Every structure is written in C-alpha cells, then in structure tokens.
Amino acid sequence: MAPDFNNTEQAFRHLSDAELRKALLLFRTVGSPTLVRLGKVLMNVALALRIPVGWAIRPTVYAHFCGGETIAESEGTVAQLARGRVHTILDYSAEGKESEKELDATRDEVLAAIDAAQGDERHAFSVFKVSGVAPTPVLRDPGSDPAAWERVKARVAALCGRAAETGGRIFIDAEETWFQGAIDALAEEQMSRLNRERAVVFNTVQLYRHDRLAYLKALTERAQREGWHLGVKLVRGAYMEKEREKAAEAGKPSPIQPDKAASDRDYDAALAWCIDHGVSVCSGSHNVASNALLCELMERAGLEPGDDRVWFAQLLGMSDPISFNLAASGYNVAKYVPYGPIREAIPYLIRRAEENTSVAGQTSRELSLLRAEVQRRKAT
Ligand SMILES: Cc1cc2nc3c(=O)[nH]c(=O)nc-3n(C[C@H](O)[C@H](O)[C@H](O)COP(=O)(O)OP(=O)(O)OC[C@H]3O[C@@H](n4cnc5c(N)ncnc54)[C@H](O)[C@@H]3O)c2cc1C
C-alpha cells in the first residue's frame with residue numbers, strides 16, 4: 001500500500017527548523033510567476049554580461065536544488081538524504097558544451113561521479129545527458145561527421161562501461177526529439193552490450209510523447225528476443241513547450257500527447273507494463289497518483305517494497321513528502337543531486353523555478369505541507 005504522502009513529520013525530518021523556514025520562503029517566492037520572470041531576466045542578463053551572481057544564488061536557490069560545486073562539496077547533501085534512507089544520483093550539470101575538449105572534460109567529470117558511487121550504498125545510480133558529451137549538430141544528424149560520431153560513441157561506451165565495471169547502474173537522460181533518435185541508438189547499443197547479467201544501462205522513456213509506450217513495448221520484446229535485461233527510467237518529459245513550438249514552426253504534427261490526461265494515461269500504462277513484464281524500472285516523477293499507483297502495482301504483483309528491480313526518483317529540493325515517506329515505508333528511493341559550478345547550474349535552476357511556478361497544483365501542495373510542518377513543530 002502507498003504510504004501517507006501527507007505525513008509532514010516524516011517528510012521534513014531531515015530539515016532543521018531554520019532549513020524548513022528557508023524552504024518555505026523559497027517555495028513562496030517561486031510560487032510567484034512575476035518574481036520568477038524577473039529572476040529569469042536578471043539571471044540571463046548577469047550571465048550575458050558575466051556579472052558574478054554566486055553571492056545571491058549560492059545560499060538560496062542553488063543551496064536548495066543543488067548539492068555543491070564539486071562531488072566533495074555535495075557530501076553534506078548525500079549524508080543528509082541517506083539519514084532519511086534516500087539514495088543519491090550525482091548529476092553533473094554542464095549544458096551547451098560543444099568543443100571536443102569540453103566534451104571530454106564532461107566525460108571525465110561523469111567518470112569521477114561514477115567512481116564516487118562505487119561501493120558506497122548511499123548512491124543508487126549514475127546519470128548523464130548525451131548532449132553533455134556530444135556536439136549538438138552530430139546528435140541531430142550522426143551522419144554529418146562520422147569521425148565526431150565515433151568519438152561520441154566512444155565517450156558513451158566509456159561511461160556505461162565504467163558503470164558496469166564498478167558494479168553500478170547508469171541512466172541515460174532523454175532529451176528533445178531531434179536528439180532522441182541518436183540517444184536511443186547509443187543507449188540501445190550499450191544496453192545490448194552491458195545488460196547481459198543485469199540491468200546496468202537504463203534508457204529514459206518520455207511518456208508525454210504519443211509514440212513512446214509503443215517504443216517501450218517493442219524494446220521489451222527486443223530485449224527478450226536478444227537475451228538482455230531491459231532497464232528504463234520513465235518520465236513524463238521536460239521539453240513540452242519547445243517540442244510543440246518547433247513542430248508548429250516546421251508545420252509538422254506535434255510529437256507530444258494531445259493533453260495532460262493522455263500523458264498521465266501512458267505514464268501509468270508504462271509503469272504497469274514494466275511491472276508485468278519484469279522490466280527494471282525507475283519512475284522519475286513528482287506526481288502523487290503515479291507514485292501511489294506504482295506502490296499498488298508492486299503489491300498486486302507480490303513484489304516487496306524494497307525489490308531492487310523497482311526504484312522511485314525525484315529531484316533534490318522537490319517533493320520531499322513523496323521521497324521521504326516512500327523511503328520510510330521501505331521503497332527504493334533516490335534523488336538527483338545536481339552539482340557543478342554555479343554559473344553552469346543557472347539554466348537548470350531557471351527550469352526548476354519555472355516548473356515550480358507552472359505546476360501550480362504541485363507547488364501549492366508542497367507549500368501547504370511545509371506550512372503544516374512549521375505549525376506542527378510550533379505546537380510540539
Ligand atoms: C528523477 C527524475 C529524472 C528525470 N529525467 C528526465 C529526463 O531524462 N528527460 C526528461 O525529459 N525529463 C526528465 N525529468 C523531468 C520529467 O520529465 C517531468 O518534467 C517532471 O518530473 C514533471 O512530471 P511529473 O511526472 O513529476 O508529473 P506532473 O507534474 O503530473 O506532470 C507534468 C508533466 O506532464 C506533462 N504535461 C503537462 N501538461 C501537458 C499537456 N497539456 N499535454 C501533454 N502533456 C502534458 C509534461 O511532461 C509535464 O512536465 C525527470 C524528472 C525526475 C523526477
């Protein structure tokens with residue numbers, strides 16, 4: 001049975017009174033569309049003019065949504081999550097890199113994150129974005145520069161291979177549709193190479209696309225036919241507006257579902273498909289109903305909450321009531337802990353602020369639970 005996601009004592013036990021008040025203030029701020037729009041403009045101006053912004057961001061949004069500038073600096077966050085039985089997924093934030101030198105540097109940093117997870121049970125998975133280790137023109141069209149494509153393949157093979165050698169598991173994040181064909185090809189190559197004994201490499205399936213439930217089913221059948229273990233991270237998808245705009249500009253049909261209900265329906269159907277077909281799955285979602293459904297599906301299938309084939313994941317600083325209540329009930333839970341230089345994290349932070357503004361239902365839920373916990377502590 002799903003835990004009580006409204007148990008605020010359990011949800012925020014890892015936060016001191018001061019940290020709780022800080023989180024409340026932050027969610028109040030990002031709940032205001034005007035403040036978020038203003039913040040975005042100021043951040044973009046500061047980035048363009050190379051004005052130092054660390055002093056303003058570090059103690060506020062950065063401290064809330066990121067672990068630190070380095071793996072070592074993220075240690076406090078890793079330990080704090082582990083106290084609540086929540087695992088870490090170190091997520092190096094580097095976006096928009098194009099030169100071969102920068103792409104190699106990102107590969108090396110992700111290798112260091114994979115090594116940091118080795119033998120440390122507080123870490124559950126490693127993760128990377130293919131666009132962090134590939135020039136974007138090559139991802140759009142792998143045939144455009146065969147030598148560069150071979151270098152991308154070698155970087156992806158190095159990351160997945162290191163995860164396999166160190167006994168770890170690795171997620172390959174899903175991105176925009178114009179990159180996803182190349183990402184799928186790379187992920188499938190690595191899954192068929194390394195997932196022979198167990199699911200090491202996990203591809204990500206975005207269910208806000210209307211064609212992805214069919215992709216998941218076809219991939220399951222292929223893995224069975226070829227004798228390897230399929231691992232998937234399921235998400236609804238993060239690039240909806242961009243996808244719709246681009247399709248409209250090109251006069252093409254949108255790859256995105258017609259409405260939210262269709263995304264929800266396929267997401268939940270994908271969870272059920274994975275449980276019914278023994279696919280190793282990580283549900284990357286802040287949606288209460290989908291998290292509760294996965295608990296129910298596990299129970300119906302006779303799986304223990306701690307069954308290692310099923311994981312729940314959320315982002316650091318978001319949906320603590322889901323993460324910590326699931327973990328306290330014995331489910332496998334992990335949070336993405338983004339880390340990296342503050343300037344590099346700005347696009348990620350803007351997305352988090354916007355997401356928390358646009359997902360009005362969720363933000364008000366998070367806010368009301370934070371308020372309830374402040375009141376509860378005052379009363380005790
Ligand atoms: C651990 C983790 C890993 C993630 N990894 C990735 C990744 O690799 N790639 C990626 O793209 N995203 C990733 N995400 C982000 C994710 O895709 C979602 O954007 C985010 O989690 C919000 O969806 P939700 O399931 O939490 O639920 P909800 O808040 O219930 O759903 C919001 C989502 O529903 C969809 N949606 C909203 N309105 C509509 C509409 N009108 N029509 C159709 N669909 C709609 C959109 O996808 C929107 O983001 C990840 C999230 C987590 C927690």
# chains A, B, ... in the order shown; residues from 1 in each chain; ligands from 1
$ select_by_dssp --residues "range 15-192 of chain A" --states "helix (DSSP H, G or I)" --output "PyMOL selection string"
chain A and resi 17-30+33-48+54-65+72-83+100-117+130-132+136-140+142-144+146-165+177-192
$ residues_near_ligand --ligand "ligand 1" --cutoff "7 Å" --atoms "only C-alpha atoms and all ligand atoms" --output "PyMOL selection string"
chain A and resi 172-175+204+206+208+235-240+256-260+262-263+284-287+313-315+335-336+359+362
$ write_last_selection --atoms "C-alpha atoms" --output "compact mmCIF listing (two decimals), in the first residue's frame"
# COMPACT_ATOMS: atom_id res chain seq x y z
CA ILE A 172 20.92 7.97 -19.95
CA ASP A 173 18.62 11.00 -19.75
CA ALA A 174 16.06 11.63 -22.50
CA GLU A 175 16.19 14.94 -24.39
CA THR A 204 14.78 7.02 -20.48
CA GLN A 206 9.23 10.13 -22.10
CA TYR A 208 4.45 12.87 -22.96
CA VAL A 235 9.39 10.26 -17.08
CA ARG A 236 6.60 12.37 -18.48
CA GLY A 237 9.07 14.70 -20.22
CA ALA A 238 10.58 18.13 -19.75
CA TYR A 239 10.56 19.86 -23.14
CA MET A 240 6.86 20.12 -23.99
CA ILE A 256 3.52 15.46 -27.78
CA GLN A 257 0.29 13.94 -26.47
CA PRO A 258 -2.86 15.98 -27.12
CA ASP A 259 -3.40 16.70 -23.41
CA LYS A 260 -2.13 16.05 -19.89
CA ALA A 262 -3.08 11.34 -22.29
CA SER A 263 0.44 11.76 -20.82
CA GLY A 284 11.13 9.63 -12.21
CA SER A 285 8.07 11.56 -11.12
CA HIS A 286 6.67 14.04 -8.62
CA ASN A 287 3.10 13.01 -9.39
CA ALA A 313 13.24 9.03 -8.07
CA GLN A 314 12.68 12.73 -7.55
CA LEU A 315 14.82 15.85 -7.91
CA LYS A 335 17.12 11.88 -5.70
CA TYR A 336 19.05 13.54 -8.50
CA VAL A 359 2.91 23.22 -11.91
CA GLN A 362 2.21 20.74 -7.00
$ residues_around --residues "range 45-57 of chain A" --least-positions-apart "5" --cutoff "12 Å" --atoms "only C-alpha atoms" --output "PDB file with C-alpha atoms, in the first residue's frame"
ATOM      1  CA  LEU A  26      11.817  29.684  -1.353  1.00  0.00           C
ATOM      2  CA  LEU A  38      12.004  38.871 -13.049  1.00  0.00           C
ATOM      3  CA  GLY A  39      14.594  36.451 -11.649  1.00  0.00           C
ATOM      4  CA  LYS A  40      14.981  34.802 -15.063  1.00  0.00           C
ATOM      5  CA  TYR A  62      21.404  26.858  -5.552  1.00  0.00           C
ATOM      6  CA  ALA A  63      21.612  25.541  -1.977  1.00  0.00           C
ATOM      7  CA  HIS A  64      18.058  24.245  -2.262  1.00  0.00           C
ATOM      8  CA  PHE A  65      18.261  22.479  -5.638  1.00  0.00           C
ATOM      9  CA  CYS A  66      21.991  21.561  -5.904  1.00  0.00           C
ATOM     10  CA  GLY A  68      27.509  21.826  -4.309  1.00  0.00           C
ATOM     11  CA  GLU A  69      30.114  22.872  -6.858  1.00  0.00           C
ATOM     12  CA  PRO A 341      29.908  25.379 -10.946  1.00  0.00           C
ATOM     13  CA  ILE A 342      27.130  27.837 -10.061  1.00  0.00           C
ATOM     14  CA  ARG A 343      27.198  29.550 -13.478  1.00  0.00           C
ATOM     15  CA  GLU A 344      26.729  26.185 -15.186  1.00  0.00           C
ATOM     16  CA  ALA A 345      23.731  25.409 -12.997  1.00  0.00           C
ATOM     17  CA  ILE A 346      21.800  28.590 -13.853  1.00  0.00           C
ATOM     18  CA  PRO A 347      19.788  27.172 -16.790  1.00  0.00           C
ATOM     19  CA  LEU A 349      17.826  26.491 -11.708  1.00  0.00           C
ATOM     20  CA  ILE A 350      15.689  28.651 -14.005  1.00  0.00           C
TER      21      ILE A 350
END
$ residues_around --residues "Phe324 in chain A" --least-positions-apart "3" --cutoff "12 Å" --atoms "only C-alpha atoms" --output "ChimeraX atom specification"
/A:3-15,80-87,312-314,316-321,327-335
$ write_last_selection --atoms "N, CA and C atoms" --output "compact mmCIF listing (two decimals), in the first residue's frame"
# COMPACT_ATOMS: atom_id res chain seq x y z
N PRO A 3 2.39 4.77 0.99
CA PRO A 3 2.47 5.46 2.29
C PRO A 3 1.62 6.72 2.30
N ASP A 4 1.48 7.31 3.48
CA ASP A 4 0.75 8.58 3.59
C ASP A 4 1.70 9.70 3.15
N PHE A 5 1.45 10.27 1.95
CA PHE A 5 2.35 11.31 1.44
C PHE A 5 2.16 12.64 2.17
N ASN A 6 1.16 12.71 3.05
CA ASN A 6 0.94 13.95 3.81
C ASN A 6 1.57 13.92 5.20
N ASN A 7 2.33 12.87 5.48
CA ASN A 7 3.00 12.80 6.78
C ASN A 7 4.18 13.78 6.78
N THR A 8 3.95 14.98 7.30
CA THR A 8 4.97 16.03 7.18
C THR A 8 6.14 15.81 8.15
N GLU A 9 5.86 15.16 9.26
CA GLU A 9 6.93 14.92 10.23
C GLU A 9 8.02 14.06 9.58
N GLN A 10 7.57 12.98 8.93
CA GLN A 10 8.49 12.08 8.23
C GLN A 10 9.15 12.79 7.04
N ALA A 11 8.33 13.56 6.33
CA ALA A 11 8.79 14.18 5.08
C ALA A 11 9.92 15.19 5.31
N PHE A 12 9.86 15.90 6.44
CA PHE A 12 10.81 17.01 6.63
C PHE A 12 11.73 16.79 7.83
N ARG A 13 11.77 15.53 8.33
CA ARG A 13 12.62 15.23 9.48
C ARG A 13 14.07 15.63 9.23
N HIS A 14 14.52 15.55 7.97
CA HIS A 14 15.93 15.84 7.65
C HIS A 14 16.24 17.33 7.68
N LEU A 15 15.22 18.19 7.82
CA LEU A 15 15.45 19.64 7.82
C LEU A 15 15.38 20.21 9.24
N GLN A 80 22.84 13.80 4.28
CA GLN A 80 21.52 14.20 4.78
C GLN A 80 20.42 13.32 4.18
N LEU A 81 20.49 13.07 2.88
CA LEU A 81 19.50 12.21 2.23
C LEU A 81 19.56 10.80 2.81
N ALA A 82 20.80 10.31 2.99
CA ALA A 82 20.98 8.93 3.46
C ALA A 82 20.37 8.74 4.85
N ARG A 83 20.40 9.82 5.67
CA ARG A 83 19.79 9.70 7.01
C ARG A 83 18.29 9.41 6.91
N GLY A 84 17.68 9.85 5.82
CA GLY A 84 16.26 9.56 5.60
C GLY A 84 16.06 8.37 4.67
N ARG A 85 17.08 7.54 4.50
CA ARG A 85 17.06 6.34 3.65
C ARG A 85 16.82 6.68 2.17
N VAL A 86 17.15 7.89 1.78
CA VAL A 86 17.01 8.29 0.38
C VAL A 86 18.40 8.29 -0.27
N HIS A 87 18.50 7.62 -1.42
CA HIS A 87 19.78 7.49 -2.11
C HIS A 87 20.05 8.69 -3.02
N PHE A 312 12.07 4.53 -7.23
CA PHE A 312 11.34 5.80 -7.34
C PHE A 312 12.39 6.90 -7.30
N ALA A 313 12.24 7.95 -8.12
CA ALA A 313 13.24 9.03 -8.07
C ALA A 313 12.59 10.39 -8.21
N GLN A 314 13.12 11.33 -7.46
CA GLN A 314 12.68 12.73 -7.55
C GLN A 314 13.93 13.62 -7.63
N LEU A 316 16.36 16.73 -6.23
CA LEU A 316 16.70 17.34 -4.94
C LEU A 316 15.89 18.63 -4.75
N GLY A 317 15.34 18.79 -3.57
CA GLY A 317 14.63 20.03 -3.25
C GLY A 317 13.19 20.03 -3.72
N MET A 318 12.74 18.92 -4.30
CA MET A 318 11.35 18.85 -4.75
C MET A 318 10.70 17.56 -4.24
N SER A 319 9.43 17.70 -3.87
CA SER A 319 8.62 16.53 -3.48
C SER A 319 9.24 15.69 -2.37
N ASP A 320 9.80 16.35 -1.36
CA ASP A 320 10.31 15.60 -0.21
C ASP A 320 9.22 14.75 0.45
N PRO A 321 7.96 15.23 0.51
CA PRO A 321 6.93 14.38 1.12
C PRO A 321 6.78 13.04 0.40
N ALA A 327 10.51 6.24 1.27
CA ALA A 327 11.71 5.60 1.83
C ALA A 327 11.44 5.04 3.21
N ALA A 328 10.67 5.79 4.01
CA ALA A 328 10.37 5.30 5.37
C ALA A 328 9.52 4.04 5.34
N SER A 329 8.80 3.83 4.23
CA SER A 329 8.00 2.60 4.11
C SER A 329 8.76 1.47 3.43
N GLY A 330 10.06 1.68 3.21
CA GLY A 330 10.90 0.59 2.71
C GLY A 330 11.06 0.54 1.20
N TYR A 331 10.50 1.52 0.46
CA TYR A 331 10.68 1.54 -1.00
C TYR A 331 12.07 2.06 -1.35
N ASN A 332 12.55 1.71 -2.54
CA ASN A 332 13.85 2.21 -3.02
C ASN A 332 13.66 3.59 -3.63
N VAL A 333 14.29 4.58 -3.02
CA VAL A 333 14.08 5.96 -3.46
C VAL A 333 15.43 6.64 -3.67
N ALA A 334 15.53 7.44 -4.72
CA ALA A 334 16.76 8.20 -4.96
C ALA A 334 16.41 9.60 -5.44
N LYS A 335 17.30 10.52 -5.19
CA LYS A 335 17.12 11.88 -5.70
C LYS A 335 18.30 12.24 -6.59
$ closest_residue --among "A:Arg193, A:Ile114, A:Glu95, A:Thr136" --to "Ala163 in chain A" --atoms "only C-alpha atoms"
A:Ile114
$ atom_distance --atom1 "CA of Arg198 in chain A" --atom2 "CA of Arg212 in chain A"
23.3 Å
$ closest_residue --among "A:Leu24, A:Val61, A:Val337, A:Val374" --to "Val78 in chain A" --atoms "only C-alpha atoms"
A:Val337
$ select_by_dssp --residues "range 229-367 of chain A" --states "strand (DSSP E)" --output "list of chain:residue names"
A:Gly231, A:Val232, A:Lys233, A:Leu234, A:Val235, A:Ser280, A:Val281, A:Cys282, A:Ser283, A:Gly284, A:Val310, A:Trp311, A:Phe312, A:Ala313, A:Gln314, A:Leu315, A:Val333, A:Ala334, A:Lys335, A:Tyr336, A:Val337, A:Pro338, A:Tyr339
$ write_last_selection --atoms "C-alpha atoms" --output "PDB file, in the first residue's frame"
ATOM      1  CA  GLY A 231      16.262  -1.118 -17.732  1.00  0.00           C
ATOM      2  CA  VAL A 232      14.212   2.050 -18.183  1.00  0.00           C
ATOM      3  CA  LYS A 233      13.666   5.321 -16.394  1.00  0.00           C
ATOM      4  CA  LEU A 234      10.137   6.519 -17.047  1.00  0.00           C
ATOM      5  CA  VAL A 235       9.395  10.255 -17.078  1.00  0.00           C
ATOM      6  CA  SER A 280      13.810  -2.975 -14.297  1.00  0.00           C
ATOM      7  CA  VAL A 281      12.199   0.408 -13.817  1.00  0.00           C
ATOM      8  CA  CYS A 282      12.821   3.732 -12.164  1.00  0.00           C
ATOM      9  CA  SER A 283       9.825   6.043 -12.005  1.00  0.00           C
ATOM     10  CA  GLY A 284      11.127   9.631 -12.215  1.00  0.00           C
ATOM     11  CA  VAL A 310      11.813  -1.045  -8.869  1.00  0.00           C
ATOM     12  CA  TRP A 311      13.011   2.446  -7.945  1.00  0.00           C
ATOM     13  CA  PHE A 312      11.335   5.800  -7.340  1.00  0.00           C
ATOM     14  CA  ALA A 313      13.236   9.027  -8.071  1.00  0.00           C
ATOM     15  CA  GLN A 314      12.683  12.729  -7.550  1.00  0.00           C
ATOM     16  CA  LEU A 315      14.823  15.848  -7.910  1.00  0.00           C
ATOM     17  CA  VAL A 333      14.080   5.962  -3.460  1.00  0.00           C
ATOM     18  CA  ALA A 334      16.756   8.199  -4.958  1.00  0.00           C
ATOM     19  CA  LYS A 335      17.124  11.884  -5.695  1.00  0.00           C
ATOM     20  CA  TYR A 336      19.049  13.543  -8.495  1.00  0.00           C
ATOM     21  CA  VAL A 337      21.672  15.696  -6.768  1.00  0.00           C
ATOM     22  CA  PRO A 338      22.845  18.187  -9.411  1.00  0.00           C
ATOM     23  CA  TYR A 339      26.310  19.575  -8.793  1.00  0.00           C
TER      24      TYR A 339
END
$ closest_residue --among "A:Ala182, A:Ala261, A:Leu369, A:Val288" --to "Leu20 in chain A" --atoms "only C-alpha atoms"
A:Leu369
$ closest_residue --among "A:Leu103, A:Thr29, A:Ala270, A:Gly76" --to "Ala148 in chain A" --atoms "only C-alpha atoms"
A:Leu103
$ residues_around --residues "Val36 in chain A" --least-positions-apart "5" --cutoff "9 Å" --atoms "only C-alpha atoms" --output "ChimeraX atom specification"
/A:29-31,41,350,353-354,357
$ write_last_selection --atoms "N, CA and C atoms" --output "short mmCIF file (atom, residue, chain, number, x, y, z; two decimals), in the first residue's frame"
data_model
loop_
_atom_site.label_atom_id
_atom_site.label_comp_id
_atom_site.auth_asym_id
_atom_site.auth_seq_id
_atom_site.Cartn_x
_atom_site.Cartn_y
_atom_site.Cartn_z
N THR A 29 8.43 32.14 -2.89
CA THR A 29 8.99 33.01 -3.93
C THR A 29 8.77 32.42 -5.32
N VAL A 30 9.13 31.12 -5.49
CA VAL A 30 8.99 30.54 -6.84
C VAL A 30 7.53 30.33 -7.20
N GLY A 31 6.64 30.39 -6.21
CA GLY A 31 5.20 30.29 -6.49
C GLY A 31 4.68 31.54 -7.18
N VAL A 41 15.01 37.03 -16.02
CA VAL A 41 15.61 38.12 -16.81
C VAL A 41 16.94 38.54 -16.17
N ILE A 350 16.81 27.91 -13.40
CA ILE A 350 15.69 28.65 -14.01
C ILE A 350 14.56 27.66 -14.34
N ALA A 353 12.73 26.70 -11.18
CA ALA A 353 11.86 27.78 -10.71
C ALA A 353 10.61 27.86 -11.58
N GLU A 354 10.80 27.76 -12.90
CA GLU A 354 9.64 27.86 -13.81
C GLU A 354 8.71 26.67 -13.61
N THR A 357 6.62 27.10 -10.73
CA THR A 357 5.60 28.12 -10.90
C THR A 357 4.45 27.57 -11.73
#
$ closest_residue --among "A:Leu207, A:Ala72, A:Ile89, A:Ile275" --to "Asp307 in chain A" --atoms "only C-alpha atoms"
A:Ile275
$ closest_residue --among "A:Gly306, A:Pro255, A:Gly168, A:Pro142" --to "His210 in chain A" --atoms "only C-alpha atoms"
A:Pro255
$ atom_distance --atom1 "CA of Ala116 in chain A" --atom2 "CA of Asp308 in chain A"
20.7 Å
$ residues_around --residues "Trp273 in chain A" --least-positions-apart "2" --cutoff "12 Å" --atoms "only C-alpha atoms" --output "PyMOL selection string"
chain A and resi 213-221+232+234+266-271+275-281+294+297-298+301
$ residues_around --residues "Phe179 in chain A" --least-positions-apart "4" --cutoff "9 Å" --atoms "only C-alpha atoms" --output "mmCIF file with C-alpha atoms, in the first residue's frame"
data_model
loop_
_atom_site.group_PDB
_atom_site.id
_atom_site.type_symbol
_atom_site.label_atom_id
_atom_site.label_comp_id
_atom_site.auth_asym_id
_atom_site.auth_seq_id
_atom_site.Cartn_x
_atom_site.Cartn_y
_atom_site.Cartn_z
ATOM 1 C CA VAL A 130 24.293 12.592 -24.127
ATOM 2 C CA SER A 131 24.225 16.264 -25.184
ATOM 3 C CA THR A 136 24.642 19.027 -30.984
ATOM 4 C CA VAL A 138 26.221 15.418 -34.569
ATOM 5 C CA LEU A 139 23.287 14.435 -32.362
ATOM 6 C CA ARG A 140 20.859 15.957 -34.851
ATOM 7 C CA ASP A 141 22.487 14.114 -37.707
ATOM 8 C CA ALA A 174 16.064 11.632 -22.503
ATOM 9 C CA GLU A 175 16.193 14.943 -24.391
ATOM 10 C CA ILE A 183 20.377 8.934 -27.984
ATOM 11 C CA ASP A 184 18.198 5.831 -28.362
#
